[in-house]
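Coordinates from work.pdb are shown below (PDB, C-alpha atoms).
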MODEL        1
ATOM      1  CA  MET A 117       8.348  15.949 -20.081  1.00  0.00           C
ATOM      2  CA  ASN A 118       8.137  18.922 -22.450  1.00  0.00           C
ATOM      3  CA  ARG A 119       6.994  21.819 -20.238  1.00  0.00           C
ATOM      4  CA  LYS A 120       7.027  24.479 -22.978  1.00  0.00           C
ATOM      5  CA  PRO A 121       3.344  24.036 -23.971  1.00  0.00           C
ATOM      6  CA  ILE A 122       2.329  24.458 -20.347  1.00  0.00           C
ATOM      7  CA  PHE A 123       4.309  27.674 -19.958  1.00  0.00           C
ATOM      8  CA  ASP A 124       3.070  28.957 -23.326  1.00  0.00           C
ATOM      9  CA  ALA A 125      -0.534  28.434 -22.182  1.00  0.00           C
ATOM     10  CA  VAL A 126       0.093  30.033 -18.771  1.00  0.00           C
ATOM     11  CA  ARG A 127       1.698  33.087 -20.408  1.00  0.00           C
ATOM     12  CA  GLN A 128      -1.456  33.635 -22.477  1.00  0.00           C
ATOM     13  CA  LEU A 129      -3.773  33.754 -19.451  1.00  0.00           C
ATOM     14  CA  PRO A 130      -3.008  37.198 -17.954  1.00  0.00           C
ATOM     15  CA  GLY A 131      -1.587  38.651 -21.145  1.00  0.00           C
ATOM     16  CA  ARG A 132       1.734  39.509 -19.508  1.00  0.00           C
ATOM     17  CA  SER A 133       5.170  37.984 -19.053  1.00  0.00           C
ATOM     18  CA  TYR A 134       6.299  36.290 -15.850  1.00  0.00           C
ATOM     19  CA  SER A 135       9.320  36.934 -13.678  1.00  0.00           C
ATOM     20  CA  GLN A 136      11.898  34.177 -13.310  1.00  0.00           C
ATOM     21  CA  GLY A 137      10.684  33.636  -9.740  1.00  0.00           C
ATOM     22  CA  GLU A 138       7.114  33.073 -10.965  1.00  0.00           C
ATOM     23  CA  VAL A 139       8.370  30.672 -13.636  1.00  0.00           C
ATOM     24  CA  ASP A 140      10.312  28.779 -10.957  1.00  0.00           C
ATOM     25  CA  GLU A 141       7.180  28.543  -8.787  1.00  0.00           C
ATOM     26  CA  ILE A 142       5.122  27.173 -11.687  1.00  0.00           C
ATOM     27  CA  ASP A 143       7.908  24.720 -12.551  1.00  0.00           C
ATOM     28  CA  GLY A 144       8.004  23.541  -8.935  1.00  0.00           C
ATOM     29  CA  ALA A 145       4.216  23.086  -8.953  1.00  0.00           C
ATOM     30  CA  ILE A 146       4.496  20.919 -12.072  1.00  0.00           C
ATOM     31  CA  ASN A 147       7.186  18.819 -10.376  1.00  0.00           C
ATOM     32  CA  ARG A 148       5.009  18.337  -7.295  1.00  0.00           C
ATOM     33  CA  ALA A 149       1.990  17.424  -9.435  1.00  0.00           C
ATOM     34  CA  MET A 150       4.015  14.724 -11.212  1.00  0.00           C
ATOM     35  CA  GLU A 151       5.194  13.033  -8.009  1.00  0.00           C
ATOM     36  CA  PRO A 152       3.337   9.828  -7.204  1.00  0.00           C
ATOM     37  CA  PRO A 153       1.144  10.089  -4.132  1.00  0.00           C
ATOM     38  CA  PRO A 154       2.721   8.612  -1.015  1.00  0.00           C
ATOM     39  CA  SER A 155       1.617   5.066  -0.440  1.00  0.00           C
ATOM     40  CA  PRO A 156      -0.047   4.414   2.889  1.00  0.00           C
ATOM     41  CA  ALA A 157       2.148   2.736   5.446  1.00  0.00           C
ATOM     42  CA  ARG A 158       1.499  -0.963   5.693  1.00  0.00           C
ATOM     43  CA  LYS A 159       0.879  -2.316   9.140  1.00  0.00           C
ATOM     44  CA  LEU A 160       2.408  -5.717   9.541  1.00  0.00           C
ATOM     45  CA  GLY A 161       0.474  -6.876  12.589  1.00  0.00           C
ATOM     46  CA  GLN A 162       0.206 -10.406  13.903  1.00  0.00           C
ATOM     47  CA  PRO A 163      -1.237 -11.931  10.694  1.00  0.00           C
ATOM     48  CA  GLY A 164       1.717 -10.529   8.766  1.00  0.00           C
ATOM     49  CA  ASN A 165       4.199 -11.806  11.341  1.00  0.00           C
ATOM     50  CA  ASP A 166       2.560 -15.242  11.225  1.00  0.00           C
ATOM     51  CA  LEU A 167       2.782 -15.251   7.430  1.00  0.00           C
ATOM     52  CA  ILE A 168       6.474 -14.366   7.523  1.00  0.00           C
ATOM     53  CA  LYS A 169       7.129 -17.157  10.019  1.00  0.00           C
ATOM     54  CA  ARG A 170       5.530 -19.623   7.580  1.00  0.00           C
ATOM     55  CA  PHE A 171       8.063 -18.654   4.907  1.00  0.00           C
ATOM     56  CA  GLU A 172      11.118 -17.778   6.992  1.00  0.00           C
ATOM     57  CA  GLY A 173      12.823 -20.152   9.343  1.00  0.00           C
ATOM     58  CA  CYS A 174      15.017 -18.732  12.057  1.00  0.00           C
ATOM     59  CA  GLY A 175      18.194 -19.887  10.357  1.00  0.00           C
ATOM     60  CA  ARG A 176      20.827 -22.457  11.148  1.00  0.00           C
ATOM     61  CA  LYS A 177      20.667 -23.842  14.653  1.00  0.00           C
ATOM     62  CA  ALA A 178      23.842 -23.598  16.645  1.00  0.00           C
ATOM     63  CA  LEU A 179      24.530 -24.849  20.171  1.00  0.00           C
ATOM     64  CA  ARG A 180      22.259 -24.109  23.161  1.00  0.00           C
ATOM     65  CA  GLY A 181      19.247 -22.802  21.202  1.00  0.00           C
ATOM     66  CA  ARG A 182      21.207 -20.151  19.365  1.00  0.00           C
ATOM     67  CA  PHE A 183      21.235 -19.421  15.642  1.00  0.00           C
ATOM     68  CA  GLU A 184      24.030 -18.565  13.234  1.00  0.00           C
ATOM     69  CA  THR A 185      23.980 -16.575  10.019  1.00  0.00           C
ATOM     70  CA  TYR A 186      23.292 -18.342   6.756  1.00  0.00           C
ATOM     71  CA  PRO A 187      24.149 -17.392   3.168  1.00  0.00           C
ATOM     72  CA  ASP A 188      21.663 -15.696   0.852  1.00  0.00           C
ATOM     73  CA  PRO A 189      19.806 -18.373  -1.152  1.00  0.00           C
ATOM     74  CA  GLY A 190      20.177 -16.423  -4.388  1.00  0.00           C
ATOM     75  CA  THR A 191      23.899 -15.718  -4.180  1.00  0.00           C
ATOM     76  CA  CYS A 192      24.997 -18.547  -1.888  1.00  0.00           C
ATOM     77  CA  GLY A 193      26.973 -15.858  -0.052  1.00  0.00           C
ATOM     78  CA  ASP A 194      26.374 -12.225   0.861  1.00  0.00           C
ATOM     79  CA  PRO A 195      24.259 -10.763   2.200  1.00  0.00           C
ATOM     80  CA  ARG A 196      24.323 -13.151   5.118  1.00  0.00           C
ATOM     81  CA  THR A 197      21.103 -13.488   7.068  1.00  0.00           C
ATOM     82  CA  ILE A 198      20.152 -14.380  10.630  1.00  0.00           C
ATOM     83  CA  GLY A 199      16.806 -14.941  12.265  1.00  0.00           C
ATOM     84  CA  ARG A 200      13.877 -14.347   9.963  1.00  0.00           C
ATOM     85  CA  ALA A 201      15.523 -12.488   7.062  1.00  0.00           C
ATOM     86  CA  SER A 202      17.584  -9.972   9.043  1.00  0.00           C
ATOM     87  CA  THR A 203      20.619  -8.753   7.140  1.00  0.00           C
ATOM     88  CA  GLY A 204      23.178  -6.059   7.702  1.00  0.00           C
ATOM     89  CA  ALA A 205      26.844  -5.154   7.689  1.00  0.00           C
ATOM     90  CA  GLU A 206      27.358  -6.872  11.050  1.00  0.00           C
ATOM     91  CA  MET A 207      26.131 -10.247   9.734  1.00  0.00           C
ATOM     92  CA  GLY A 208      29.406 -12.113   9.309  1.00  0.00           C
ATOM     93  CA  PRO A 209      29.750 -15.864   8.782  1.00  0.00           C
ATOM     94  CA  ARG A 210      30.503 -16.571  12.459  1.00  0.00           C
ATOM     95  CA  LEU A 211      27.767 -14.433  14.055  1.00  0.00           C
ATOM     96  CA  VAL A 212      25.562 -16.354  16.518  1.00  0.00           C
ATOM     97  CA  TRP A 213      22.497 -14.957  18.305  1.00  0.00           C
ATOM     98  CA  PRO A 214      20.023 -16.347  20.848  1.00  0.00           C
ATOM     99  CA  GLN A 215      16.409 -16.871  19.719  1.00  0.00           C
ATOM    100  CA  ALA A 216      15.160 -13.761  21.559  1.00  0.00           C
ATOM    101  CA  GLN A 217      17.667 -11.515  19.769  1.00  0.00           C
ATOM    102  CA  CYS A 218      16.738 -13.035  16.386  1.00  0.00           C
ATOM    103  CA  ASP A 219      13.036 -12.469  17.091  1.00  0.00           C
ATOM    104  CA  ALA A 220      13.513  -8.876  18.257  1.00  0.00           C
ATOM    105  CA  ARG A 221      15.647  -7.927  15.238  1.00  0.00           C
ATOM    106  CA  SER A 222      13.258  -9.652  12.837  1.00  0.00           C
ATOM    107  CA  ALA A 223      10.221  -7.839  14.254  1.00  0.00           C
ATOM    108  CA  THR A 224      11.941  -4.482  13.809  1.00  0.00           C
ATOM    109  CA  ASP A 225      13.187  -5.306  10.308  1.00  0.00           C
ATOM    110  CA  MET A 226       9.881  -6.696   9.082  1.00  0.00           C
ATOM    111  CA  GLN A 227       7.921  -3.586  10.005  1.00  0.00           C
ATOM    112  CA  ARG A 228      10.588  -1.282   8.588  1.00  0.00           C
ATOM    113  CA  TYR A 229      10.689  -3.123   5.268  1.00  0.00           C
ATOM    114  CA  ALA A 230       6.960  -3.860   4.929  1.00  0.00           C
ATOM    115  CA  ASP A 231       6.494  -1.139   2.290  1.00  0.00           C
ATOM    116  CA  GLU A 232       9.637  -1.947   0.323  1.00  0.00           C
ATOM    117  CA  VAL A 233       9.325  -5.644  -0.438  1.00  0.00           C
ATOM    118  CA  GLY A 234       5.958  -5.691  -2.351  1.00  0.00           C
ATOM    119  CA  LYS A 235       7.674  -6.550  -5.701  1.00  0.00           C
ATOM    120  CA  TRP A 236      10.782  -8.183  -4.163  1.00  0.00           C
ATOM    121  CA  ILE A 237      10.924 -11.655  -5.722  1.00  0.00           C
ATOM    122  CA  ARG A 238      14.592 -11.870  -6.685  1.00  0.00           C
ATOM    123  CA  ALA A 239      17.806 -12.711  -4.915  1.00  0.00           C
ATOM    124  CA  GLY A 240      21.127 -12.464  -6.685  1.00  0.00           C
ATOM    125  CA  GLY A 241      19.255 -11.426  -9.856  1.00  0.00           C
ATOM    126  CA  LYS A 242      17.261 -14.676  -9.950  1.00  0.00           C
ATOM    127  CA  VAL A 243      13.516 -15.059  -9.392  1.00  0.00           C
ATOM    128  CA  LEU A 244      13.031 -17.367  -6.418  1.00  0.00           C
ATOM    129  CA  PRO A 245       9.783 -19.383  -6.542  1.00  0.00           C
ATOM    130  CA  ASN A 246       9.438 -19.277  -2.762  1.00  0.00           C
ATOM    131  CA  LEU A 247       9.489 -15.461  -2.839  1.00  0.00           C
ATOM    132  CA  VAL A 248       6.864 -15.429  -5.612  1.00  0.00           C
ATOM    133  CA  ARG A 249       4.583 -17.626  -3.440  1.00  0.00           C
ATOM    134  CA  ARG A 250       5.264 -15.476  -0.407  1.00  0.00           C
ATOM    135  CA  ARG A 251       4.413 -12.203  -2.165  1.00  0.00           C
ATOM    136  CA  ALA A 252       1.170 -13.749  -3.472  1.00  0.00           C
ATOM    137  CA  ALA A 253       0.277 -14.756   0.095  1.00  0.00           C
ATOM    138  CA  GLU A 254       1.061 -11.220   1.317  1.00  0.00           C
ATOM    139  CA  VAL A 255      -1.183  -9.688  -1.331  1.00  0.00           C
ATOM    140  CA  ALA A 256      -3.992 -12.055  -0.343  1.00  0.00           C
ATOM    141  CA  LEU A 257      -3.497 -11.056   3.305  1.00  0.00           C
ATOM    142  CA  ASP A 258      -3.627  -7.334   2.399  1.00  0.00           C
ATOM    143  CA  GLU A 259      -6.850  -7.860   0.442  1.00  0.00           C
ATOM    144  CA  LYS A 260      -8.723  -9.422   3.372  1.00  0.00           C
ATOM    145  CA  PRO A 261     -11.331  -7.084   4.914  1.00  0.00           C
TER     146      PRO A 261
ENDMDL
END
What would the structure in this file look like if it were written as structure tokens?
Amino acid sequence: MNRKPIFDAVRQLPGRSYSQGEVDEIDGAINRAMEPPPSPARKLGQPGNDLIKRFEGCGRKALRGRFETYPDPGTCGDPRTIGRASTGAEMGPRLVWPQAQCDARSATDMQRYADEVGKWIRAGGKVLPNLVRRRAAEVALDEKP
């Protein structure tokens, strides 16, 4: 953005020059005015959790009701996932968790990422049709009164 016309106009107002500190304050105000407003936090709630469960299975079943990590559907590798879309550095190919641990981690992850995934429809650089359908369902859920 070319700020010179703004400063030229401001300099004309009082008919005097400004100190560098005043110029810095005006410049900072312009920066703040250009920042997008913060988006309101999305509350996931039970309808959101139910929606996620419709699209996300709990992963590969292992022995005794436990689940193991599975490869990312877009890359067929990393990042590995467990439970309902939980990923992280600790998710190696041999990691196995009980259902309760998968559910607890997923609940935490889903709320934390609720704001970030609104345009997330790709994995490994490819658009995944299931993610497109899921995001459309999330938008419809958000639009309900």
- atom CA of Gly161 of chain A and atom CA of Ala253 of chain A, how far apart in Å?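 Atom CA of Gly161 of chain A lies at a distance of 14.8 Å from atom CA of Ala253 of chain A.
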Quick one, how far is atom CA of Asp194 of chain A from atom CA of Asp166 of chain A?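 Going from atom CA of Asp194 of chain A over to atom CA of Asp166 of chain A covers 26.1 Å.
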Residues picked by the PyMOL selection byres ((chain A and resi 239) around 8) here, as a PyMOL selection string?
chain A and resi 188-191+237-238+240-244
- request: Apply the PyMOL selection byres ((chain A and resi 212) around 9) to the file shown and report the selected residues as a list in words.
  value: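 After applying the PyMOL selection byres ((chain A and resi 212) around 9), what remains is Ala178, Arg182, Phe183, Glu184, Thr185, Ile198, Pro209, Arg210, Leu211, Trp213 and Pro214 of chain A.
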Could you please determine the separation between atom CA of Glu172 of chain A and atom CA of Gly204 of chain A in Å, to one decimal place?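 Taking atom CA of Glu172 of chain A as the start and atom CA of Gly204 of chain A as the end point, the length is 16.8 Å.
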Considering all atoms listed in the file, state which residue in the set A:Ala223, A:Cys218, A:Ile168, A:Cys174 is at the smallest distance from Glu254 of chain A.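 Nearest to Glu254 of chain A: A:Ile168.
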I'd like the box whose edges run along x, y and z of the file and which contains every listed atom of segment 202-214 of chain A, padded by 4 Å per side; could you state its centre and edge lengths in Å, one decimal, as JSON?
{"center_x": 24.0, "center_y": -10.9, "center_z": 14.0, "size_x": 20.9, "size_y": 19.4, "size_z": 21.7}
Next on the checklist: Under the rule that all atoms listed in the file are counted, which of A:Arg221, A:Arg119, A:Arg250, A:Arg228 is the nearest residue to Ile146 of chain A?
Outcome noted: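 Closest candidate: A:Arg119.
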- Message: Taking 6 positions as the minimum chain separation for residues in the same chain, which residues sit within 10 Å of Ile142 of chain A when counting all atoms listed in the file? Answer as a PyMOL selection string.
- Response: chain A and resi 122-123+126+136+148
inquiry  = Considering all atoms listed in the file, can you say which of A:Met150, A:Val139, A:Ala201, A:Leu129 comes closest to Leu247 of chain A?
reply    =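 Among the listed residues, the smallest separation from Leu247 of chain A belongs to A:Ala201.
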Report task. Find the residue from A:Asp140, A:Lys177, A:Cys192, A:Pro187 that sits nearest to Met207 of chain A; use all atoms listed in the file when measuring. Result ->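 Ranked by minimum distance to Met207 of chain A, first place goes to A:Pro187.
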